[in-house]
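A.B. asks: The following file, start28.cif, comprises mmCIF, N, CA and C atoms:
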```
data_upload
loop_
_atom_site.label_atom_id
_atom_site.label_comp_id
_atom_site.auth_asym_id
_atom_site.auth_seq_id
_atom_site.Cartn_x
_atom_site.Cartn_y
_atom_site.Cartn_z
N ALA Y 1 0.84 -1.17 0.00
CA ALA Y 1 0.00 0.00 0.00
C ALA Y 1 0.88 1.23 0.00
N ILE Y 2 0.46 2.22 -0.77
CA ILE Y 2 1.23 3.45 -0.92
C ILE Y 2 0.29 4.63 -0.64
N LEU Y 3 0.77 5.61 0.11
CA LEU Y 3 0.01 6.83 0.31
C LEU Y 3 0.41 7.83 -0.75
N ALA Y 4 -0.57 8.44 -1.38
CA ALA Y 4 -0.29 9.42 -2.41
C ALA Y 4 -0.98 10.71 -2.04
N TYR Y 5 -0.29 11.82 -2.26
CA TYR Y 5 -0.85 13.15 -2.00
C TYR Y 5 -1.15 13.78 -3.35
N ASP Y 6 -2.41 14.14 -3.58
CA ASP Y 6 -2.82 14.76 -4.82
C ASP Y 6 -2.86 16.26 -4.67
N GLY Y 7 -1.97 16.84 -3.98
CA GLY Y 7 -1.99 18.28 -3.76
C GLY Y 7 -2.62 18.56 -2.40
N PRO Y 8 -3.18 19.77 -2.21
CA PRO Y 8 -3.76 20.09 -0.91
C PRO Y 8 -5.02 19.25 -0.70
N GLY Y 9 -5.09 18.61 0.41
CA GLY Y 9 -6.27 17.80 0.71
C GLY Y 9 -5.89 16.55 1.47
N VAL Y 10 -6.72 15.55 1.34
CA VAL Y 10 -6.56 14.31 2.10
C VAL Y 10 -5.65 13.37 1.33
N PRO Y 11 -4.70 12.73 2.04
CA PRO Y 11 -3.88 11.73 1.34
C PRO Y 11 -4.75 10.53 0.96
N GLN Y 12 -4.41 9.91 -0.12
CA GLN Y 12 -5.19 8.77 -0.59
C GLN Y 12 -4.33 7.52 -0.56
N LEU Y 13 -5.01 6.40 -0.25
CA LEU Y 13 -4.33 5.12 -0.18
C LEU Y 13 -4.35 4.49 -1.56
N LEU Y 14 -3.17 4.15 -2.06
CA LEU Y 14 -3.07 3.51 -3.37
C LEU Y 14 -2.53 2.10 -3.19
N THR Y 15 -3.11 1.18 -3.89
CA THR Y 15 -2.57 -0.18 -3.91
C THR Y 15 -1.93 -0.37 -5.27
N PRO Y 16 -1.10 -1.34 -5.38
CA PRO Y 16 -0.45 -1.53 -6.68
C PRO Y 16 -1.43 -1.75 -7.82
N ARG Y 17 -2.61 -2.30 -7.55
CA ARG Y 17 -3.54 -2.59 -8.63
C ARG Y 17 -4.55 -1.49 -8.87
N ARG Y 18 -5.11 -0.89 -7.75
CA ARG Y 18 -6.16 0.10 -7.97
C ARG Y 18 -6.16 1.14 -6.85
N HIS Y 19 -6.88 2.19 -7.05
CA HIS Y 19 -6.97 3.32 -6.13
C HIS Y 19 -8.21 3.16 -5.24
N ILE Y 20 -8.06 3.26 -3.85
CA ILE Y 20 -9.18 3.16 -2.92
C ILE Y 20 -9.38 4.53 -2.28
N PRO Y 21 -10.52 5.18 -2.50
CA PRO Y 21 -10.76 6.49 -1.89
C PRO Y 21 -10.83 6.36 -0.36
N PRO Y 22 -10.42 7.41 0.37
CA PRO Y 22 -10.42 7.34 1.85
C PRO Y 22 -11.80 7.11 2.46
N ILE Y 23 -12.84 7.63 1.85
CA ILE Y 23 -14.17 7.46 2.41
C ILE Y 23 -14.58 6.00 2.39
N VAL Y 24 -14.20 5.29 1.35
CA VAL Y 24 -14.51 3.87 1.25
C VAL Y 24 -13.71 3.10 2.29
N ALA Y 25 -12.45 3.46 2.46
CA ALA Y 25 -11.61 2.79 3.45
C ALA Y 25 -12.19 2.98 4.86
N MET Y 26 -12.70 4.19 5.16
CA MET Y 26 -13.28 4.45 6.47
C MET Y 26 -14.58 3.66 6.64
N LYS Y 27 -15.38 3.54 5.59
CA LYS Y 27 -16.64 2.80 5.69
C LYS Y 27 -16.39 1.31 5.95
N VAL Y 28 -15.31 0.80 5.45
CA VAL Y 28 -14.97 -0.61 5.67
C VAL Y 28 -14.33 -0.80 7.04
N ALA Y 29 -13.49 0.14 7.44
CA ALA Y 29 -12.74 -0.01 8.69
C ALA Y 29 -13.63 0.17 9.92
N ALA Y 30 -14.60 1.06 9.87
CA ALA Y 30 -15.45 1.33 11.04
C ALA Y 30 -16.22 0.09 11.49
N PRO Y 31 -16.93 -0.61 10.61
CA PRO Y 31 -17.64 -1.81 11.09
C PRO Y 31 -16.69 -2.90 11.60
N LEU Y 32 -15.51 -3.01 10.97
CA LEU Y 32 -14.55 -4.01 11.44
C LEU Y 32 -14.08 -3.69 12.86
N LEU Y 33 -13.80 -2.43 13.12
CA LEU Y 33 -13.38 -2.04 14.47
C LEU Y 33 -14.50 -2.30 15.49
N LEU Y 34 -15.72 -1.98 15.11
CA LEU Y 34 -16.86 -2.23 16.00
C LEU Y 34 -17.01 -3.71 16.30
N LEU Y 35 -16.88 -4.52 15.29
CA LEU Y 35 -17.02 -5.96 15.45
C LEU Y 35 -15.94 -6.50 16.37
N LEU Y 36 -14.71 -6.05 16.16
CA LEU Y 36 -13.61 -6.52 17.00
C LEU Y 36 -13.76 -6.07 18.44
N SER Y 37 -14.16 -4.82 18.66
CA SER Y 37 -14.28 -4.33 20.04
C SER Y 37 -15.45 -5.01 20.76
N SER Y 38 -16.56 -5.28 20.06
CA SER Y 38 -17.69 -5.94 20.72
C SER Y 38 -17.35 -7.39 21.04
N GLY Y 39 -16.56 -8.02 20.23
CA GLY Y 39 -16.14 -9.39 20.50
C GLY Y 39 -15.30 -9.48 21.75
N ALA Y 40 -14.42 -8.53 21.95
CA ALA Y 40 -13.57 -8.53 23.14
C ALA Y 40 -14.42 -8.27 24.39
N THR Y 41 -15.36 -7.39 24.28
CA THR Y 41 -16.24 -7.10 25.42
C THR Y 41 -17.09 -8.31 25.74
N GLY Y 42 -17.60 -8.97 24.72
CA GLY Y 42 -18.43 -10.15 24.93
C GLY Y 42 -17.67 -11.26 25.64
N VAL Y 43 -16.40 -11.45 25.29
CA VAL Y 43 -15.58 -12.48 25.93
C VAL Y 43 -15.39 -12.13 27.41
N ALA Y 44 -15.14 -10.85 27.71
CA ALA Y 44 -14.94 -10.44 29.10
C ALA Y 44 -16.21 -10.66 29.91
N VAL Y 45 -17.36 -10.33 29.33
CA VAL Y 45 -18.63 -10.52 30.02
C VAL Y 45 -18.89 -12.00 30.27
N GLN Y 46 -18.60 -12.84 29.27
CA GLN Y 46 -18.79 -14.27 29.44
C GLN Y 46 -17.88 -14.83 30.53
N ARG Y 47 -16.64 -14.35 30.58
CA ARG Y 47 -15.72 -14.79 31.62
C ARG Y 47 -16.23 -14.40 33.00
N GLU Y 48 -16.75 -13.15 33.11
CA GLU Y 48 -17.26 -12.68 34.40
C GLU Y 48 -18.48 -13.49 34.81
N ARG Y 49 -19.37 -13.78 33.88
CA ARG Y 49 -20.56 -14.58 34.19
C ARG Y 49 -20.17 -15.98 34.64
N ALA Y 50 -19.20 -16.57 33.95
CA ALA Y 50 -18.76 -17.91 34.30
C ALA Y 50 -18.18 -17.93 35.70
N THR Y 51 -17.44 -16.90 36.04
CA THR Y 51 -16.84 -16.82 37.37
C THR Y 51 -17.94 -16.67 38.42
N THR Y 52 -18.93 -15.82 38.14
CA THR Y 52 -20.01 -15.58 39.10
C THR Y 52 -20.86 -16.83 39.26
N VAL Y 53 -21.18 -17.50 38.16
CA VAL Y 53 -22.03 -18.68 38.22
C VAL Y 53 -21.30 -19.83 38.90
N ALA Y 54 -20.03 -19.97 38.64
CA ALA Y 54 -19.27 -21.10 39.14
C ALA Y 54 -18.88 -20.95 40.60
N ASN Y 55 -18.98 -19.75 41.17
CA ASN Y 55 -18.48 -19.54 42.52
C ASN Y 55 -19.63 -19.32 43.49
N PRO Y 56 -20.02 -20.33 44.27
CA PRO Y 56 -21.13 -20.18 45.21
C PRO Y 56 -20.81 -19.23 46.35
N ILE Y 57 -19.57 -19.11 46.72
CA ILE Y 57 -19.18 -18.18 47.78
C ILE Y 57 -19.46 -16.75 47.34
N ARG Y 58 -19.18 -16.46 46.08
CA ARG Y 58 -19.45 -15.13 45.55
C ARG Y 58 -20.94 -14.83 45.61
N LYS Y 59 -21.78 -15.84 45.33
CA LYS Y 59 -23.22 -15.65 45.40
C LYS Y 59 -23.64 -15.26 46.82
N VAL Y 60 -23.10 -15.95 47.80
CA VAL Y 60 -23.46 -15.67 49.19
C VAL Y 60 -23.00 -14.27 49.58
N VAL Y 61 -21.79 -13.91 49.19
CA VAL Y 61 -21.27 -12.58 49.52
C VAL Y 61 -22.13 -11.50 48.87
N THR Y 62 -22.50 -11.70 47.63
CA THR Y 62 -23.36 -10.73 46.93
C THR Y 62 -24.71 -10.61 47.61
N MET Y 63 -25.28 -11.75 47.99
CA MET Y 63 -26.57 -11.73 48.67
C MET Y 63 -26.48 -10.98 50.00
N LEU Y 64 -25.41 -11.21 50.75
CA LEU Y 64 -25.23 -10.51 52.03
C LEU Y 64 -25.05 -9.00 51.81
N GLN Y 65 -24.34 -8.63 50.77
CA GLN Y 65 -24.17 -7.20 50.48
C GLN Y 65 -25.49 -6.55 50.13
N ARG Y 66 -26.31 -7.23 49.34
CA ARG Y 66 -27.64 -6.69 49.01
C ARG Y 66 -28.49 -6.54 50.26
N MET Y 67 -28.44 -7.57 51.11
CA MET Y 67 -29.22 -7.52 52.35
C MET Y 67 -28.75 -6.36 53.23
N GLN Y 68 -27.45 -6.13 53.27
CA GLN Y 68 -26.92 -5.04 54.09
C GLN Y 68 -27.42 -3.69 53.59
N THR Y 69 -27.39 -3.48 52.29
CA THR Y 69 -27.88 -2.20 51.76
C THR Y 69 -29.38 -2.05 52.00
N GLN Y 70 -30.13 -3.15 51.87
CA GLN Y 70 -31.57 -3.11 52.10
C GLN Y 70 -31.89 -2.78 53.55
N VAL Y 71 -31.17 -3.40 54.48
CA VAL Y 71 -31.40 -3.15 55.90
C VAL Y 71 -31.01 -1.71 56.25
N THR Y 72 -29.95 -1.22 55.67
CA THR Y 72 -29.53 0.16 55.92
C THR Y 72 -30.59 1.15 55.43
N GLU Y 73 -31.15 0.91 54.25
CA GLU Y 73 -32.20 1.79 53.72
C GLU Y 73 -33.45 1.74 54.61
N GLU Y 74 -33.83 0.54 55.04
CA GLU Y 74 -34.99 0.41 55.91
C GLU Y 74 -34.76 1.14 57.24
N GLY Y 75 -33.54 1.06 57.76
CA GLY Y 75 -33.21 1.75 59.01
C GLY Y 75 -33.33 3.26 58.86
N LYS Y 76 -32.90 3.78 57.73
CA LYS Y 76 -33.02 5.22 57.50
C LYS Y 76 -34.48 5.64 57.44
N ARG Y 77 -35.31 4.84 56.75
CA ARG Y 77 -36.74 5.16 56.67
C ARG Y 77 -37.39 5.12 58.05
N GLU Y 78 -37.04 4.09 58.83
CA GLU Y 78 -37.59 3.97 60.18
C GLU Y 78 -37.19 5.16 61.04
N GLN Y 79 -35.94 5.59 60.92
CA GLN Y 79 -35.46 6.73 61.70
C GLN Y 79 -36.19 8.00 61.31
N ASP Y 80 -36.43 8.19 60.03
CA ASP Y 80 -37.19 9.37 59.57
C ASP Y 80 -38.60 9.37 60.14
N LEU Y 81 -39.27 8.20 60.09
CA LEU Y 81 -40.62 8.11 60.63
C LEU Y 81 -40.63 8.39 62.14
N TYR Y 82 -39.65 7.85 62.85
CA TYR Y 82 -39.55 8.06 64.29
C TYR Y 82 -39.35 9.54 64.60
N ASP Y 83 -38.47 10.19 63.84
CA ASP Y 83 -38.22 11.62 64.06
C ASP Y 83 -39.49 12.44 63.82
N LYS Y 84 -40.23 12.11 62.77
CA LYS Y 84 -41.48 12.84 62.49
C LYS Y 84 -42.49 12.63 63.61
N PHE Y 85 -42.60 11.39 64.12
CA PHE Y 85 -43.54 11.09 65.19
C PHE Y 85 -43.15 11.84 66.46
N MET Y 86 -41.87 11.85 66.79
CA MET Y 86 -41.42 12.54 68.00
C MET Y 86 -41.65 14.04 67.88
N CYS Y 87 -41.45 14.58 66.71
CA CYS Y 87 -41.71 16.01 66.49
C CYS Y 87 -43.19 16.30 66.68
N TYR Y 88 -44.04 15.45 66.15
CA TYR Y 88 -45.49 15.63 66.30
C TYR Y 88 -45.88 15.56 67.77
N CYS Y 89 -45.32 14.59 68.49
CA CYS Y 89 -45.67 14.43 69.90
C CYS Y 89 -45.24 15.64 70.72
N SER Y 90 -44.06 16.14 70.45
CA SER Y 90 -43.56 17.27 71.26
C SER Y 90 -44.28 18.57 70.93
N THR Y 91 -44.67 18.76 69.69
CA THR Y 91 -45.33 20.03 69.32
C THR Y 91 -46.84 19.98 69.54
N SER Y 92 -47.45 18.82 69.34
CA SER Y 92 -48.91 18.77 69.43
C SER Y 92 -49.39 18.67 70.88
N GLY Y 93 -48.56 18.24 71.81
CA GLY Y 93 -48.97 18.14 73.21
C GLY Y 93 -49.39 19.49 73.77
N GLY Y 94 -48.62 20.53 73.50
CA GLY Y 94 -48.95 21.88 73.97
C GLY Y 94 -50.21 22.40 73.31
N ASP Y 95 -50.37 22.12 72.03
CA ASP Y 95 -51.56 22.57 71.31
C ASP Y 95 -52.81 21.89 71.86
N LEU Y 96 -52.72 20.60 72.11
CA LEU Y 96 -53.87 19.88 72.64
C LEU Y 96 -54.24 20.38 74.05
N ALA Y 97 -53.24 20.60 74.88
CA ALA Y 97 -53.53 21.09 76.24
C ALA Y 97 -54.20 22.46 76.18
N LYS Y 98 -53.74 23.31 75.29
CA LYS Y 98 -54.33 24.65 75.15
C LYS Y 98 -55.77 24.55 74.65
N SER Y 99 -56.02 23.69 73.67
CA SER Y 99 -57.38 23.57 73.15
C SER Y 99 -58.32 22.97 74.20
N ILE Y 100 -57.83 22.07 75.05
CA ILE Y 100 -58.66 21.51 76.12
C ILE Y 100 -59.01 22.59 77.13
N ALA Y 101 -58.03 23.40 77.50
CA ALA Y 101 -58.27 24.48 78.46
C ALA Y 101 -59.27 25.49 77.89
N ASP Y 102 -59.13 25.82 76.60
CA ASP Y 102 -60.07 26.74 75.96
C ASP Y 102 -61.49 26.16 75.95
N ALA Y 103 -61.62 24.87 75.67
CA ALA Y 103 -62.94 24.23 75.63
C ALA Y 103 -63.57 24.22 77.02
N GLU Y 104 -62.78 23.96 78.05
CA GLU Y 104 -63.32 23.98 79.43
C GLU Y 104 -63.79 25.38 79.81
N ALA Y 105 -63.04 26.39 79.41
CA ALA Y 105 -63.45 27.77 79.70
C ALA Y 105 -64.75 28.11 78.97
N LYS Y 106 -64.89 27.63 77.73
CA LYS Y 106 -66.13 27.87 76.97
C LYS Y 106 -67.31 27.21 77.67
N ILE Y 107 -67.09 26.00 78.18
CA ILE Y 107 -68.17 25.29 78.86
C ILE Y 107 -68.63 26.08 80.10
N GLU Y 108 -67.67 26.58 80.87
CA GLU Y 108 -68.01 27.37 82.06
C GLU Y 108 -68.77 28.63 81.66
N ASN Y 109 -68.33 29.30 80.61
CA ASN Y 109 -69.03 30.51 80.14
C ASN Y 109 -70.43 30.17 79.65
N ALA Y 110 -70.55 29.06 78.95
CA ALA Y 110 -71.86 28.67 78.45
C ALA Y 110 -72.81 28.34 79.61
N ASP Y 111 -72.29 27.67 80.65
CA ASP Y 111 -73.11 27.37 81.83
C ASP Y 111 -73.58 28.66 82.50
N ALA Y 112 -72.68 29.60 82.68
CA ALA Y 112 -73.04 30.88 83.31
C ALA Y 112 -74.07 31.63 82.48
N THR Y 113 -73.91 31.66 81.18
CA THR Y 113 -74.84 32.35 80.29
C THR Y 113 -76.21 31.67 80.34
N MET Y 114 -76.21 30.35 80.36
CA MET Y 114 -77.47 29.62 80.40
C MET Y 114 -78.22 29.90 81.73
N LYS Y 115 -77.49 29.95 82.84
CA LYS Y 115 -78.13 30.25 84.12
C LYS Y 115 -78.71 31.66 84.12
N GLU Y 116 -77.98 32.61 83.56
CA GLU Y 116 -78.48 33.99 83.49
C GLU Y 116 -79.77 34.05 82.67
N LYS Y 117 -79.79 33.35 81.55
CA LYS Y 117 -80.96 33.38 80.67
C LYS Y 117 -82.15 32.68 81.33
N GLN Y 118 -81.89 31.61 82.06
CA GLN Y 118 -82.98 30.93 82.76
C GLN Y 118 -83.57 31.85 83.85
N GLU Y 119 -82.69 32.55 84.56
CA GLU Y 119 -83.17 33.49 85.59
C GLU Y 119 -83.97 34.61 84.94
N ARG Y 120 -83.49 35.13 83.82
CA ARG Y 120 -84.19 36.21 83.10
C ARG Y 120 -85.55 35.71 82.63
N LYS Y 121 -85.61 34.48 82.13
CA LYS Y 121 -86.87 33.89 81.66
C LYS Y 121 -87.85 33.77 82.83
N ALA Y 122 -87.35 33.27 83.95
CA ALA Y 122 -88.23 33.12 85.12
C ALA Y 122 -88.74 34.48 85.58
N GLN Y 123 -87.90 35.50 85.54
CA GLN Y 123 -88.30 36.86 85.95
C GLN Y 123 -89.36 37.41 85.00
N LEU Y 124 -89.18 37.22 83.69
CA LEU Y 124 -90.17 37.70 82.73
C LEU Y 124 -91.49 36.98 82.87
N GLU Y 125 -91.45 35.69 83.12
CA GLU Y 125 -92.69 34.93 83.31
C GLU Y 125 -93.41 35.41 84.56
N ALA Y 126 -92.65 35.73 85.59
CA ALA Y 126 -93.26 36.23 86.82
C ALA Y 126 -93.91 37.60 86.58
N GLU Y 127 -93.31 38.43 85.79
CA GLU Y 127 -93.88 39.75 85.50
C GLU Y 127 -95.16 39.63 84.68
N LEU Y 128 -95.23 38.64 83.77
CA LEU Y 128 -96.41 38.44 82.94
C LEU Y 128 -97.60 37.93 83.75
N LYS Y 129 -97.45 37.33 84.85
CA LYS Y 129 -98.55 36.78 85.63
C LYS Y 129 -99.18 37.84 86.41
#
```
Rewrite the coordinates I just gave you, this time as structure tokens.
C.D. replies:
Amino acid sequence: AILAYDGPGVPQLLTPRRHIPPIVAMKVAAPLLLLLSSGATGVAVQRERATTVANPIRKVVTMLQRMQTQVTEEGKREQDLYDKFMCYCSTSGGDLAKSIADAEAKIENADATMKEKQERKAQLEAELK
């Protein structure tokens, strides 16, 4: 193969028998490179799968690692729920006590108002007789 320069531009690959334009050479080379690189990757993946399948200890270790991450995530969720519950308990206790005290005061006021109105009613009935 011989490289030939036809002036300013891209060098062209010449073979003793015929001329191959660079675009054609690139179109042929690209799929070949892809095929070769995917074959190497496929072999590595097959080797890794064979190692994983053939090694029961690796399976157990992987299972334990998954369980550890799962338990850690569950612990974080439980802690968040606990924190929210404790916050609710500490803040709502004062609110509930205040609302109970307000309701008791309303009951006392309502009782006093009702007694006044009953006395007023009795007085008016006595005046009408």
A.B. asks: Can you measure atom N of Ala112 in chain Y to CA of Ser92 in chain Y for me? One decimal in Å is fine.
C.D. replies: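 Computing the Euclidean distance for atom N of Ala112 in chain Y and CA of Ser92 in chain Y yields 29.3 Å.
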A.B. asks: Range 120-126 of chain Y, all listed atoms, 8 Å padding on each side: what axis-aligned box centre and edge lengths in Å to one decimal come out, as JSON?
C.D. replies:
```
{"center_x": -88.7, "center_y": 35.4, "center_z": 84.2, "size_x": 26.4, "size_y": 20.6, "size_z": 21.2}
```
A.B. asks: So what do you get for CA of Ala101 in chain Y versus CA of Asp83 in chain Y, distance-wise?
C.D. replies: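 According to the coordinates, CA of Ala101 in chain Y and CA of Asp83 in chain Y are separated by 27.8 Å.
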A.B. asks: Rounded to one decimal, what separation in Å do you get between atom C of Ala97 in chain Y and CA of Asp111 in chain Y?
C.D. replies: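 About the pair atom C of Ala97 in chain Y and CA of Asp111 in chain Y: they are 20.3 Å apart.
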